[in-house]
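Trainee: I'd like to ask some things about the structure below.
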Amino acid sequence: MITHHPSDELLTAFTQGELTASLSIAVAAHNELCPVCQEKVEKLNAQQAQMLFDSVNETVDEAGNDLHKAELNWVSMIDEITDDDSQSMLVSIETKSVKLSYDNVQLPRALSNVSLKKWSKLGDVSRARLELQEEPIRSSLLDISPGGVVPLHTHKGFELTLLLDGSFEDDMGSYHAGDFIWLDKSHSHSPRTTDGCLCYAVLDDAMEFKEGFSKLFNPIGSYLY
């Protein structure tokens, strides 16, 4: 059961095309798994369409008959294009799966056409970066192996984690596929998983490890996130 969702503000920004590619992927992938947010986005899209339609009507009323004729010609042209099915073709959606430490997992459609760099492993976590040029924002797939633990850390910026498969827990709660978890420097946690999990993670700054051997990575944190 999904208990963590994007905020209404984030969903609105998504429907208005205001998010970066990495965050848009996160929201779209969450929506594939979450009927609650799917319904919210559908309503927001309908509201946006109505606002645009009302705006066009207001412009027509103010500009008079010439603009009205131009709009009718434009609508007629669109109708002619959409009524012509001579070039119609069905495009199948190709899904992508990844081989993980514990299973093969199919990725959401939002990630199907995004290139991944090679997997690299550090401790219990294997990471494949997405080839998106959005510095300082970086996005990755994280494969946490069964019994794996991410050392206790906080965040210099934000950390968005979308759980795509499996489950994990930390001191703040338990998380399952579809959960959309947004953290910042006010949070510290140490995720751990029993059976393994796959996460989509987006960060805009380095993590700061809080204890043990992992603190040695803090001086090079900007290269690791």
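Here's how to read the names in the structure tokens: chain A, B, ... by the order shown, residue numbers from 1 in each chain, ligand numbers from 1 in the order shown.
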So that I can check the surroundings of Thr154 of chain A, please list as a short mmCIF file (atom, residue, chain, number, x, y, z; two decimals) with C-alpha atoms, in the first residue's frame every protein, DNA and RNA residue that reaches within 10 Å of it, counting only C-alpha atoms and ignoring chain neighbours fewer than 5 positions away.

Mentor:
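Final output, part37.cif:
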data_model
loop_
_atom_site.label_atom_id
_atom_site.label_comp_id
_atom_site.auth_asym_id
_atom_site.auth_seq_id
_atom_site.Cartn_x
_atom_site.Cartn_y
_atom_site.Cartn_z
CA GLU A 159 16.86 13.64 -1.57
CA LEU A 183 13.86 14.35 2.57
CA ASP A 184 16.20 17.27 3.28
CA LYS A 185 18.90 18.33 5.75
CA SER A 186 16.41 18.18 8.63
CA HIS A 187 16.27 14.38 8.26
CA SER A 188 18.79 11.67 9.12
CA HIS A 189 18.16 8.02 8.30
CA SER A 190 19.73 4.64 7.61
CA ALA A 206 26.00 15.40 -1.36
CA MET A 207 24.96 13.15 1.48
CA GLU A 208 26.73 13.60 4.81
CA PHE A 209 27.44 10.36 6.66
CA LYS A 210 27.05 10.55 10.43
#

Trainee: Counting only C-alpha atoms, what is within 12 Å of segment 194-198 of chain A, bar same-chain residues fewer than 6 positions away, as a ChimeraX atom specification?

Mentor: /A:97-108,124-128,140-150,161-170,174-179

Trainee: For those residues, write N, CA and C atoms to a file as a compact mmCIF listing (two decimals), in the first residue's frame.

Mentor:
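Result went into result-v4.txt, see below:
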# COMPACT_ATOMS: atom_id res chain seq x y z
N SER A 97 13.71 -3.88 -18.54
CA SER A 97 13.91 -4.50 -17.24
C SER A 97 15.40 -4.47 -16.89
N VAL A 98 15.69 -4.54 -15.61
CA VAL A 98 17.07 -4.51 -15.14
C VAL A 98 17.32 -5.73 -14.27
N LYS A 99 18.51 -6.29 -14.40
CA LYS A 99 18.91 -7.42 -13.58
C LYS A 99 19.56 -6.90 -12.31
N LEU A 100 18.96 -7.24 -11.17
CA LEU A 100 19.42 -6.73 -9.89
C LEU A 100 20.09 -7.82 -9.07
N SER A 101 20.50 -7.45 -7.88
CA SER A 101 21.17 -8.41 -7.01
C SER A 101 20.22 -9.50 -6.52
N TYR A 102 18.91 -9.23 -6.60
CA TYR A 102 17.95 -10.18 -6.03
C TYR A 102 16.90 -10.65 -7.02
N ASP A 103 16.78 -10.00 -8.20
CA ASP A 103 15.73 -10.37 -9.15
C ASP A 103 15.88 -9.55 -10.42
N ASN A 104 15.10 -9.90 -11.45
CA ASN A 104 14.94 -9.04 -12.62
C ASN A 104 13.68 -8.20 -12.41
N VAL A 105 13.78 -6.89 -12.61
CA VAL A 105 12.66 -6.00 -12.32
C VAL A 105 12.36 -5.15 -13.55
N GLN A 106 11.08 -5.08 -13.90
CA GLN A 106 10.65 -4.25 -15.02
C GLN A 106 10.52 -2.80 -14.55
N LEU A 107 11.08 -1.88 -15.34
CA LEU A 107 11.04 -0.46 -14.99
C LEU A 107 9.73 0.17 -15.43
N PRO A 108 9.31 1.24 -14.77
CA PRO A 108 8.14 1.99 -15.23
C PRO A 108 8.37 2.55 -16.63
N ASP A 124 26.68 -2.30 0.13
CA ASP A 124 25.46 -3.03 -0.19
C ASP A 124 24.66 -2.40 -1.32
N VAL A 125 25.15 -1.29 -1.88
CA VAL A 125 24.38 -0.54 -2.86
C VAL A 125 25.09 -0.53 -4.21
N SER A 126 24.35 -0.89 -5.27
CA SER A 126 24.82 -0.73 -6.64
C SER A 126 24.04 0.42 -7.27
N ARG A 127 24.75 1.22 -8.05
CA ARG A 127 24.13 2.43 -8.61
C ARG A 127 24.36 2.52 -10.11
N ALA A 128 23.30 2.92 -10.83
CA ALA A 128 23.41 3.24 -12.25
C ALA A 128 22.83 4.64 -12.45
N SER A 140 19.62 8.55 -10.19
CA SER A 140 20.21 7.21 -10.30
C SER A 140 19.19 6.14 -9.94
N LEU A 141 19.44 4.93 -10.44
CA LEU A 141 18.79 3.74 -9.92
C LEU A 141 19.69 3.14 -8.86
N LEU A 142 19.11 2.75 -7.75
CA LEU A 142 19.86 2.15 -6.64
C LEU A 142 19.34 0.74 -6.38
N ASP A 143 20.22 -0.23 -6.48
CA ASP A 143 19.90 -1.62 -6.17
C ASP A 143 20.52 -1.92 -4.81
N ILE A 144 19.68 -2.06 -3.78
CA ILE A 144 20.16 -2.40 -2.44
C ILE A 144 19.96 -3.89 -2.24
N SER A 145 21.03 -4.61 -2.01
CA SER A 145 20.99 -6.07 -1.96
C SER A 145 20.26 -6.57 -0.71
N PRO A 146 19.76 -7.80 -0.74
CA PRO A 146 19.07 -8.36 0.43
C PRO A 146 19.95 -8.28 1.68
N GLY A 147 19.34 -7.80 2.77
CA GLY A 147 20.07 -7.60 4.01
C GLY A 147 20.92 -6.35 4.02
N GLY A 148 20.82 -5.55 2.97
CA GLY A 148 21.67 -4.37 2.83
C GLY A 148 21.24 -3.21 3.72
N VAL A 149 22.23 -2.40 4.08
CA VAL A 149 22.00 -1.22 4.92
C VAL A 149 22.76 -0.04 4.31
N VAL A 150 22.10 1.11 4.21
CA VAL A 150 22.77 2.35 3.82
C VAL A 150 23.17 3.05 5.11
N THR A 161 13.43 9.87 -3.02
CA THR A 161 13.53 8.43 -3.26
C THR A 161 12.16 7.90 -3.66
N LEU A 162 12.09 7.33 -4.85
CA LEU A 162 10.89 6.63 -5.28
C LEU A 162 11.19 5.14 -5.25
N LEU A 163 10.49 4.43 -4.41
CA LEU A 163 10.71 2.99 -4.28
C LEU A 163 9.97 2.27 -5.42
N LEU A 164 10.73 1.64 -6.30
CA LEU A 164 10.16 1.00 -7.48
C LEU A 164 9.81 -0.47 -7.25
N ASP A 165 10.58 -1.14 -6.39
CA ASP A 165 10.35 -2.56 -6.17
C ASP A 165 10.91 -2.94 -4.81
N GLY A 166 10.26 -3.90 -4.16
CA GLY A 166 10.72 -4.34 -2.85
C GLY A 166 10.28 -3.41 -1.74
N SER A 167 11.00 -3.44 -0.64
CA SER A 167 10.65 -2.60 0.51
C SER A 167 11.91 -2.32 1.32
N PHE A 168 11.85 -1.25 2.10
CA PHE A 168 12.90 -0.97 3.07
C PHE A 168 12.29 -0.22 4.24
N GLU A 169 13.09 -0.06 5.29
CA GLU A 169 12.61 0.67 6.46
C GLU A 169 13.75 1.51 7.02
N ASP A 170 13.38 2.51 7.79
CA ASP A 170 14.35 3.29 8.56
C ASP A 170 13.68 3.71 9.86
N SER A 174 8.27 2.39 7.43
CA SER A 174 8.46 1.33 6.44
C SER A 174 7.92 1.80 5.10
N TYR A 175 8.56 1.37 4.01
CA TYR A 175 8.23 1.88 2.69
C TYR A 175 8.09 0.71 1.71
N HIS A 176 7.16 0.90 0.76
CA HIS A 176 6.85 -0.15 -0.19
C HIS A 176 6.79 0.44 -1.60
N ALA A 177 6.71 -0.45 -2.59
CA ALA A 177 6.76 -0.02 -3.99
C ALA A 177 5.73 1.08 -4.26
N GLY A 178 6.20 2.16 -4.86
CA GLY A 178 5.35 3.30 -5.17
C GLY A 178 5.51 4.46 -4.22
N ASP A 179 6.06 4.22 -3.03
CA ASP A 179 6.22 5.31 -2.06
C ASP A 179 7.20 6.37 -2.59

Trainee: Taking only C-alpha atoms into account, name the residue in A:Leu19, A:Leu111, A:Leu130, A:Leu10 that is nearest to Val41 of chain A.

Mentor: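 Result for the nearest residue to Val41 of chain A: A:Leu10.
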
Trainee: Counting only C-alpha atoms, figure out which residue out of A:Ala26, A:Thr12, A:Ala21, A:Leu160 gets nearest to Glu42 of chain A.

Mentor: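 With only C-alpha atoms as the atom set, the closest residue is A:Thr12.
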
Trainee: Give me, as a VMD selection string, the residues of chain A that a backbone DSSP run labels strand (DSSP E).

Mentor: chain A and resid 97 to 99 104 to 106 120 to 122 125 to 129 138 to 144 153 to 155 159 to 170 173 to 176 180 to 183 197 to 203 207 to 209
